[in-house]
Each structure stands twice: as structure tokens, then as C-alpha cells.
file input21.pdb (PDB, C-alpha atoms)
MODEL        1
ATOM      1  CA  MET A   1     140.962  18.569-144.586
ATOM      2  CA  SER A   2     141.470  15.633-146.951
ATOM      3  CA  VAL A   3     144.618  15.200-149.038
ATOM      4  CA  LEU A   4     142.515  15.814-152.165
ATOM      5  CA  ALA A   5     141.165  19.056-150.729
ATOM      6  CA  LYS A   6     144.676  20.231-149.823
ATOM      7  CA  PHE A   7     145.787  19.497-153.392
ATOM      8  CA  LEU A   8     142.792  21.154-155.005
ATOM      9  CA  ASN A   9     142.601  24.324-152.922
ATOM     10  CA  PRO A  10     145.622  26.040-154.548
ATOM     11  CA  ILE A  11     144.442  24.961-158.008
ATOM     12  CA  VAL A  12     140.892  26.197-157.391
ATOM     13  CA  ALA A  13     142.268  29.458-156.017
ATOM     14  CA  ALA A  14     144.427  29.895-159.112
ATOM     15  CA  VAL A  15     141.470  29.287-161.403
ATOM     16  CA  PHE A  16     139.378  31.910-159.652
ATOM     17  CA  VAL A  17     142.191  34.433-159.835
ATOM     18  CA  ILE A  18     141.809  34.030-163.583
ATOM     19  CA  LEU A  19     138.050  34.384-163.243
ATOM     20  CA  SER A  20     138.255  37.583-161.190
ATOM     21  CA  PRO A  21     136.566  40.524-162.939
ATOM     22  CA  HIS A  22     139.776  42.470-163.359
ATOM     23  CA  VAL A  23     141.719  39.614-164.930
ATOM     24  CA  VAL A  24     138.808  38.546-167.147
ATOM     25  CA  ALA A  25     138.412  42.168-168.222
ATOM     26  CA  ILE A  26     142.100  42.214-169.162
ATOM     27  CA  GLY A  27     141.626  38.966-171.102
ATOM     28  CA  TYR A  28     138.714  40.426-173.034
ATOM     29  CA  ALA A  29     140.649  43.598-173.729
ATOM     30  CA  GLN A  30     143.578  41.583-175.064
ATOM     31  CA  GLU A  31     141.287  39.604-177.354
ATOM     32  CA  GLN A  32     139.499  42.698-178.622
ATOM     33  CA  ALA A  33     142.354  45.214-178.665
ATOM     34  CA  PRO A  34     142.762  46.801-182.081
ATOM     35  CA  THR A  35     145.936  45.909-183.954
ATOM     36  CA  ALA A  36     147.468  47.039-187.193
ATOM     37  CA  LYS A  37     146.299  43.794-188.839
ATOM     38  CA  PRO A  38     143.210  42.465-187.015
ATOM     39  CA  GLU A  39     142.972  38.694-186.948
ATOM     40  CA  SER A  40     139.928  37.702-188.934
ATOM     41  CA  GLN A  41     139.272  34.737-186.658
ATOM     42  CA  LEU A  42     138.910  37.040-183.647
ATOM     43  CA  GLU A  43     136.581  39.309-185.581
ATOM     44  CA  VAL A  44     134.412  36.342-186.502
ATOM     45  CA  LEU A  45     134.416  35.099-182.903
ATOM     46  CA  ASP A  46     133.411  38.524-181.607
ATOM     47  CA  ARG A  47     130.437  38.502-183.981
ATOM     48  CA  LEU A  48     129.509  34.944-183.003
ATOM     49  CA  PHE A  49     129.617  35.750-179.297
ATOM     50  CA  ALA A  50     127.405  38.780-179.894
ATOM     51  CA  GLU A  51     124.951  36.488-181.699
ATOM     52  CA  LEU A  52     125.154  33.937-178.867
ATOM     53  CA  ALA A  53     124.191  36.606-176.312
ATOM     54  CA  ASP A  54     121.333  37.936-178.467
ATOM     55  CA  PRO A  55     118.026  36.781-176.894
ATOM     56  CA  ALA A  56     116.359  37.071-180.303
ATOM     57  CA  ASN A  57     118.712  34.538-181.890
ATOM     58  CA  GLN A  58     116.622  31.408-182.486
ATOM     59  CA  ASN A  59     119.572  29.587-184.076
ATOM     60  CA  TRP A  60     121.879  29.851-181.088
ATOM     61  CA  GLN A  61     122.804  26.144-181.320
ATOM     62  CA  MET A  62     124.297  26.794-184.759
ATOM     63  CA  THR A  63     126.121  29.823-183.386
ATOM     64  CA  GLU A  64     127.529  27.701-180.576
ATOM     65  CA  GLN A  65     128.623  25.020-183.049
ATOM     66  CA  ASN A  66     130.402  27.635-185.176
ATOM     67  CA  ILE A  67     132.275  28.894-182.120
ATOM     68  CA  TRP A  68     133.486  25.359-181.384
ATOM     69  CA  ILE A  69     134.614  25.031-185.015
ATOM     70  CA  TYR A  70     136.714  28.180-184.757
ATOM     71  CA  TRP A  71     138.112  27.151-181.383
ATOM     72  CA  SER A  72     139.228  23.857-182.941
ATOM     73  CA  LYS A  73     141.415  25.555-185.574
ATOM     74  CA  SER A  74     145.017  25.626-184.393
ATOM     75  CA  GLY A  75     146.436  26.998-187.630
ATOM     76  CA  SER A  76     148.457  23.815-188.156
ATOM     77  CA  PRO A  77     147.118  20.730-189.960
ATOM     78  CA  ALA A  78     149.410  18.515-187.869
ATOM     79  CA  MET A  79     148.083  19.964-184.607
ATOM     80  CA  ASP A  80     144.496  19.741-185.818
ATOM     81  CA  LEU A  81     145.113  16.062-186.550
ATOM     82  CA  LEU A  82     146.379  15.466-183.007
ATOM     83  CA  LEU A  83     143.249  17.147-181.636
ATOM     84  CA  GLN A  84     141.062  15.005-183.894
ATOM     85  CA  ARG A  85     142.845  11.806-182.835
ATOM     86  CA  GLY A  86     142.553  12.734-179.176
ATOM     87  CA  ARG A  87     138.829  13.362-179.516
ATOM     88  CA  GLN A  88     138.317  10.135-181.460
ATOM     89  CA  ALA A  89     140.149   8.168-178.786
ATOM     90  CA  MET A  90     137.916   9.742-176.125
ATOM     91  CA  GLU A  91     134.802   8.809-178.080
ATOM     92  CA  ALA A  92     136.118   5.235-178.291
ATOM     93  CA  GLY A  93     136.702   5.173-174.530
ATOM     94  CA  GLU A  94     140.485   4.948-174.982
ATOM     95  CA  LEU A  95     141.282   7.613-172.421
ATOM     96  CA  GLU A  96     144.982   6.843-171.981
ATOM     97  CA  VAL A  97     145.508   7.075-175.742
ATOM     98  CA  ALA A  98     143.507  10.303-175.835
ATOM     99  CA  ILE A  99     145.617  11.827-173.081
ATOM    100  CA  GLU A 100     148.813  10.808-174.918
ATOM    101  CA  HIS A 101     147.672  12.459-178.167
ATOM    102  CA  LEU A 102     146.505  15.601-176.383
ATOM    103  CA  THR A 103     149.670  15.849-174.293
ATOM    104  CA  ALA A 104     151.680  15.704-177.518
ATOM    105  CA  LEU A 105     149.453  18.458-178.911
ATOM    106  CA  ILE A 106     150.006  20.646-175.847
ATOM    107  CA  ASP A 107     153.764  20.017-175.945
ATOM    108  CA  HIS A 108     153.918  21.241-179.549
ATOM    109  CA  ALA A 109     151.243  23.980-179.329
ATOM    110  CA  PRO A 110     151.016  25.230-175.721
ATOM    111  CA  GLU A 111     149.185  28.405-176.808
ATOM    112  CA  PHE A 112     146.335  26.416-178.401
ATOM    113  CA  ALA A 113     143.575  26.600-175.792
ATOM    114  CA  GLU A 114     141.493  23.794-177.285
ATOM    115  CA  GLY A 115     144.316  21.314-176.761
ATOM    116  CA  TRP A 116     144.224  22.051-173.036
ATOM    117  CA  ASN A 117     140.435  21.893-173.002
ATOM    118  CA  ALA A 118     140.321  18.528-174.759
ATOM    119  CA  ARG A 119     142.863  17.071-172.351
ATOM    120  CA  ALA A 120     140.913  18.510-169.414
ATOM    121  CA  THR A 121     137.884  16.615-170.736
ATOM    122  CA  ALA A 122     139.906  13.404-171.076
ATOM    123  CA  TYR A 123     141.247  13.756-167.530
ATOM    124  CA  TYR A 124     137.719  14.388-166.249
ATOM    125  CA  SER A 125     136.432  11.296-168.045
ATOM    126  CA  ALA A 126     139.251   9.311-166.411
ATOM    127  CA  GLY A 127     138.231  10.628-162.974
ATOM    128  CA  LEU A 128     141.409  12.709-162.644
ATOM    129  CA  PHE A 129     139.855  15.926-161.396
ATOM    130  CA  GLY A 130     143.056  17.572-160.155
ATOM    131  CA  PRO A 131     144.877  17.463-163.514
ATOM    132  CA  SER A 132     141.623  18.368-165.288
ATOM    133  CA  ILE A 133     141.122  21.493-163.149
ATOM    134  CA  ASP A 134     144.740  22.464-163.736
ATOM    135  CA  ASP A 135     144.230  22.166-167.512
ATOM    136  CA  VAL A 136     141.068  24.289-167.238
ATOM    137  CA  ARG A 137     143.227  26.984-165.628
ATOM    138  CA  HIS A 138     145.369  27.013-168.786
ATOM    139  CA  VAL A 139     142.299  27.123-171.033
ATOM    140  CA  LEU A 140     140.893  30.166-169.258
ATOM    141  CA  ALA A 141     144.241  31.950-169.253
ATOM    142  CA  LEU A 142     144.370  31.546-173.036
ATOM    143  CA  ASN A 143     140.646  31.921-173.769
ATOM    144  CA  PRO A 144     138.623  33.645-171.003
ATOM    145  CA  ARG A 145     135.413  33.237-173.031
ATOM    146  CA  HIS A 146     135.582  29.430-173.040
ATOM    147  CA  PHE A 147     132.121  28.632-171.690
ATOM    148  CA  GLY A 148     132.768  24.902-172.137
ATOM    149  CA  ALA A 149     135.762  24.976-169.797
ATOM    150  CA  LEU A 150     133.825  27.048-167.274
ATOM    151  CA  SER A 151     130.850  24.697-167.259
ATOM    152  CA  GLY A 152     133.198  21.708-166.977
ATOM    153  CA  LEU A 153     134.906  23.385-164.046
ATOM    154  CA  GLY A 154     131.531  23.901-162.429
ATOM    155  CA  MET A 155     130.702  20.207-162.844
ATOM    156  CA  MET A 156     133.935  19.102-161.181
ATOM    157  CA  LEU A 157     133.691  21.568-158.318
ATOM    158  CA  GLU A 158     130.093  20.539-157.720
ATOM    159  CA  GLU A 159     131.064  16.858-157.640
ATOM    160  CA  LEU A 160     133.840  17.709-155.179
ATOM    161  CA  ASP A 161     131.262  19.556-153.022
ATOM    162  CA  TYR A 162     132.745  23.013-153.559
ATOM    163  CA  SER A 163     129.216  24.318-154.058
ATOM    164  CA  GLN A 164     129.897  28.051-153.863
ATOM    165  CA  ASP A 165     132.872  27.854-156.216
ATOM    166  CA  ALA A 166     130.886  25.643-158.586
ATOM    167  CA  LEU A 167     128.091  28.214-158.644
ATOM    168  CA  ARG A 168     130.584  30.955-159.503
ATOM    169  CA  ALA A 169     131.961  28.889-162.392
ATOM    170  CA  TYR A 170     128.474  28.144-163.727
ATOM    171  CA  GLU A 171     127.477  31.806-163.443
ATOM    172  CA  ALA A 172     130.607  32.841-165.339
ATOM    173  CA  ALA A 173     129.678  30.346-168.080
ATOM    174  CA  ARG A 174     126.110  31.689-168.200
ATOM    175  CA  ALA A 175     127.364  35.276-168.533
ATOM    176  CA  ILE A 176     129.101  34.246-171.771
ATOM    177  CA  HIS A 177     126.585  31.686-173.040
ATOM    178  CA  PRO A 178     123.174  32.416-171.483
ATOM    179  CA  ARG A 179     121.325  29.424-172.968
ATOM    180  CA  GLN A 180     123.237  26.305-171.864
ATOM    181  CA  PRO A 181     120.449  24.135-170.400
ATOM    182  CA  GLY A 182     122.766  22.104-168.162
ATOM    183  CA  VAL A 183     124.327  25.252-166.759
ATOM    184  CA  LEU A 184     120.970  26.901-166.085
ATOM    185  CA  ASP A 185     119.751  23.768-164.298
ATOM    186  CA  ALA A 186     122.948  23.578-162.247
ATOM    187  CA  ILE A 187     122.676  27.225-161.162
ATOM    188  CA  GLU A 188     119.101  26.691-160.040
ATOM    189  CA  ARG A 189     120.064  23.491-158.198
ATOM    190  CA  LEU A 190     123.036  25.037-156.409
ATOM    191  CA  GLN A 191     121.218  28.229-155.499
ATOM    192  CA  ALA A 192     118.483  26.145-153.868
ATOM    193  CA  LYS A 193     121.105  24.075-152.042
ATOM    194  CA  LEU A 194     123.037  27.087-150.777
ATOM    195  CA  ASP A 195     119.862  28.936-149.795
ATOM    196  CA  GLY A 196     118.834  25.894-147.794
ATOM    197  CA  GLN A 197     122.182  25.837-146.003
ATOM    198  CA  THR A 198     121.781  29.452-144.900
ATOM    199  CA  LEU A 199     118.340  28.907-143.353
TER
ENDMDL
END
call {"tool": "encode", "arguments": {"input": "input21.pdb", "output": "C-alpha cells"}}
result
Amino acid sequence: MSVLAKFLNPIVAAVFVILSPHVVAIGYAQEQAPTAKPESQLEVLDRLFAELADPANQNWQMTEQNIWIYWSKSGSPAMDLLLQRGRQAMEAGELEVAIEHLTALIDHAPEFAEGWNARATAYYSAGLFGPSIDDVRHVLALNPRHFGALSGLGMMLEELDYSQDALRAYEAARAIHPRQPGVLDAIERLQAKLDGQTL
């Protein structure tokens, strides 16, 4: 087993503990549990996710975009600015700067899932799969419905040749967001690959 594989195995295992049906079910229950003062953002997200799963919804791209908008709201203008700067640095190809901004965001707002997700993306873009997968673990602990983190996890696991685990991540993403073209293509590709290996 390679050094990379030895490093990744515990991280991958930890991620899939989070993805297990029981833990995901708990995560959903926590998000949807009634409280004395329901958070309006969660109510809106619940409605958006219902729309996203609706096969009759022809405007699912707009629904997806609205979900990303809500995910990007930390509740703090200062933290939102750090997220914006991190994303802008990524778009400019300044990955080290992006990681610095996003690390500062995570340090100040560790419960903000989108900070972890943005840094996971920056790490992935820098070719740092181990730290990226570890950040995905945090995203999914905070936001089990994060289809973007799940599809990103699938991409990394597929590139690392963890085909079965990648398929599980993609399938989990599809269960939440059934129309992601890249995810649907990846599932078909991996199923064909794994079926071929069993022949």
C-alpha cells in the first residue's frame, strides 16, 4: 500500500461514517427538527431541496443556484467577505492566497460549512487531495445535503482509483440532486467499470 493510500484510508473511512444512512438520517433530522423559533433559512432550503428533487421542475438550475446563494450566507458580512475573497483568488489562479483567506474564514467561523467547502475546492485545485478530503468531511458533518461536496469527493476518489467509494459518493450526491449531469455521467462510467471488473 502506498504512503498516500495509508494516509487517505482513515480519512475516507471517516467520510463514509458520516455518509452512513444512520448518521445522514440524524443529520437530516437535526436540520429539520422543529424548534420554538424555526430558522427561516432552513425552511427556505427545505423548500428548495423539495423543488430540486421534483422531476417536473424545469427550472432546476435556478433552484440549484438559489441553494448555493443560501449556503454562501454566513450571517456575518466580514465572513462573507473572506469567502468572496477566497473564491476570487481561486478564480484568479492564486491558490495559496485563496487557501489563506479560507483558512482565516474557517478559524473565525468553524461552523460555516461553505468555508470548509471552498477551502476543499482550493486544496483540490492545488492537487492536495488529502487536505481536501478532510475538509469535505467537515462540510458533510455540518451540512449532510451538500451535493457539491459529495460530487467533489467522488471526483477525488475516482482520480485516486477508489472506484467503489467514488461511486458511493456520486450516488449520495444524486440522491440529493438527481440532475447533475457530471454526476450522472460518472455513475454510469463507474458502474460500467466495476461491472467489467466482476466479469
call {"tool": "residues_around", "arguments": {"input": "input21.pdb", "residues": "Thr63 (chain A)", "least_positions_apart": "2", "cutoff": "7 Å", "atoms": "all atoms listed in the file", "output": "tab-separated table (two decimals) with C-alpha atoms, in the coordinates of the input"}}
result
chain	number	residue	atom	x	y	z
A	48	LEU	CA	129.51	34.94	-183.00
A	51	GLU	CA	124.95	36.49	-181.70
A	52	LEU	CA	125.15	33.94	-178.87
A	59	ASN	CA	119.57	29.59	-184.08
A	60	TRP	CA	121.88	29.85	-181.09
A	61	GLN	CA	122.80	26.14	-181.32
A	65	GLN	CA	128.62	25.02	-183.05
A	66	ASN	CA	130.40	27.64	-185.18
A	67	ILE	CA	132.28	28.89	-182.12
call {"tool": "resolve_selection", "arguments": {"input": "input21.pdb", "expression": "the PyMOL selection byres ((chain A and resi 88) around 12)", "output": "list in words"}}
result
Leu81, Leu82, Leu83, Gln84, Arg85, Gly86, Arg87, Ala89, Met90, Glu91, Ala92, Gly93, Glu94, Leu95, Val97, Ala98, Ile99, His101, Leu102, Ala118 and Ala122 of chain A
call {"tool": "write_last_selection", "arguments": {"input": "input21.pdb", "atoms": "C-alpha atoms", "output": "PDB file, in the coordinates of the input"}}
result
ATOM      1  CA  LEU A  81     145.113  16.062-186.550  1.00  0.00           C
ATOM      2  CA  LEU A  82     146.379  15.466-183.007  1.00  0.00           C
ATOM      3  CA  LEU A  83     143.249  17.147-181.636  1.00  0.00           C
ATOM      4  CA  GLN A  84     141.062  15.005-183.894  1.00  0.00           C
ATOM      5  CA  ARG A  85     142.845  11.806-182.835  1.00  0.00           C
ATOM      6  CA  GLY A  86     142.553  12.734-179.176  1.00  0.00           C
ATOM      7  CA  ARG A  87     138.829  13.362-179.516  1.00  0.00           C
ATOM      8  CA  ALA A  89     140.149   8.168-178.786  1.00  0.00           C
ATOM      9  CA  MET A  90     137.916   9.742-176.125  1.00  0.00           C
ATOM     10  CA  GLU A  91     134.802   8.809-178.080  1.00  0.00           C
ATOM     11  CA  ALA A  92     136.118   5.235-178.291  1.00  0.00           C
ATOM     12  CA  GLY A  93     136.702   5.173-174.530  1.00  0.00           C
ATOM     13  CA  GLU A  94     140.485   4.948-174.982  1.00  0.00           C
ATOM     14  CA  LEU A  95     141.282   7.613-172.421  1.00  0.00           C
ATOM     15  CA  VAL A  97     145.508   7.075-175.742  1.00  0.00           C
ATOM     16  CA  ALA A  98     143.507  10.303-175.835  1.00  0.00           C
ATOM     17  CA  ILE A  99     145.617  11.827-173.081  1.00  0.00           C
ATOM     18  CA  HIS A 101     147.672  12.459-178.167  1.00  0.00           C
ATOM     19  CA  LEU A 102     146.505  15.601-176.383  1.00  0.00           C
ATOM     20  CA  ALA A 118     140.321  18.528-174.759  1.00  0.00           C
ATOM     21  CA  ALA A 122     139.906  13.404-171.076  1.00  0.00           C
TER      22      ALA A 122
END
call {"tool": "atom_distance", "arguments": {"input": "input21.pdb", "atom1": "CA of Leu160 (chain A)", "atom2": "CA of Arg189 (chain A)"}}
result
15.2 Å
call {"tool": "resolve_selection", "arguments": {"input": "input21.pdb", "expression": "the PyMOL selection byres ((chain A and resi 145-154) around 8)", "output": "list in words"}}
result
Tyr28, Asn117, Thr121, Ile133, Val136, Val139, Leu140, Asn143, Pro144, Met155, Met156, Leu157, Glu158, Asp165, Ala166, Leu167, Arg168, Ala169, Tyr170, Ala172, Ala173, Arg174, Ile176, His177 and Val183 of chain A
call {"tool": "write_last_selection", "arguments": {"input": "input21.pdb", "atoms": "C-alpha atoms", "output": "tab-separated table (two decimals), keeping the file's coordinate frame"}}
result
chain	number	residue	atom	x	y	z
A	28	TYR	CA	138.71	40.43	-173.03
A	117	ASN	CA	140.44	21.89	-173.00
A	121	THR	CA	137.88	16.61	-170.74
A	133	ILE	CA	141.12	21.49	-163.15
A	136	VAL	CA	141.07	24.29	-167.24
A	139	VAL	CA	142.30	27.12	-171.03
A	140	LEU	CA	140.89	30.17	-169.26
A	143	ASN	CA	140.65	31.92	-173.77
A	144	PRO	CA	138.62	33.65	-171.00
A	155	MET	CA	130.70	20.21	-162.84
A	156	MET	CA	133.94	19.10	-161.18
A	157	LEU	CA	133.69	21.57	-158.32
A	158	GLU	CA	130.09	20.54	-157.72
A	165	ASP	CA	132.87	27.85	-156.22
A	166	ALA	CA	130.89	25.64	-158.59
A	167	LEU	CA	128.09	28.21	-158.64
A	168	ARG	CA	130.58	30.96	-159.50
A	169	ALA	CA	131.96	28.89	-162.39
A	170	TYR	CA	128.47	28.14	-163.73
A	172	ALA	CA	130.61	32.84	-165.34
A	173	ALA	CA	129.68	30.35	-168.08
A	174	ARG	CA	126.11	31.69	-168.20
A	176	ILE	CA	129.10	34.25	-171.77
A	177	HIS	CA	126.58	31.69	-173.04
A	183	VAL	CA	124.33	25.25	-166.76
call {"tool": "atom_distance", "arguments": {"input": "input21.pdb", "atom1": "CA of Gly115 (chain A)", "atom2": "CA of Met62 (chain A)"}}
result
22.2 Å
call {"tool": "atom_distance", "arguments": {"input": "input21.pdb", "atom1": "CA of Asp46 (chain A)", "atom2": "CA of Ala113 (chain A)"}}
result
16.7 Å
call {"tool": "closest_residue", "arguments": {"input": "input21.pdb", "among": "A:Gly196, A:Ala186, A:Ala175, A:Gln164", "to": "Asp54 (chain A)", "atoms": "all atoms listed in the file"}}
result
A:Ala175
call {"tool": "closest_residue", "arguments": {"input": "input21.pdb", "among": "A:Lys73, A:Leu194, A:Asp185, A:Tyr123", "to": "Glu100 (chain A)", "atoms": "all atoms listed in the file"}}
result
A:Tyr123
call {"tool": "residues_around", "arguments": {"input": "input21.pdb", "residues": "Ser74 (chain A)", "least_positions_apart": "5", "cutoff": "7 Å", "atoms": "all atoms listed in the file", "output": "VMD selection string"}}
result
chain A and resid 79 to 80 112
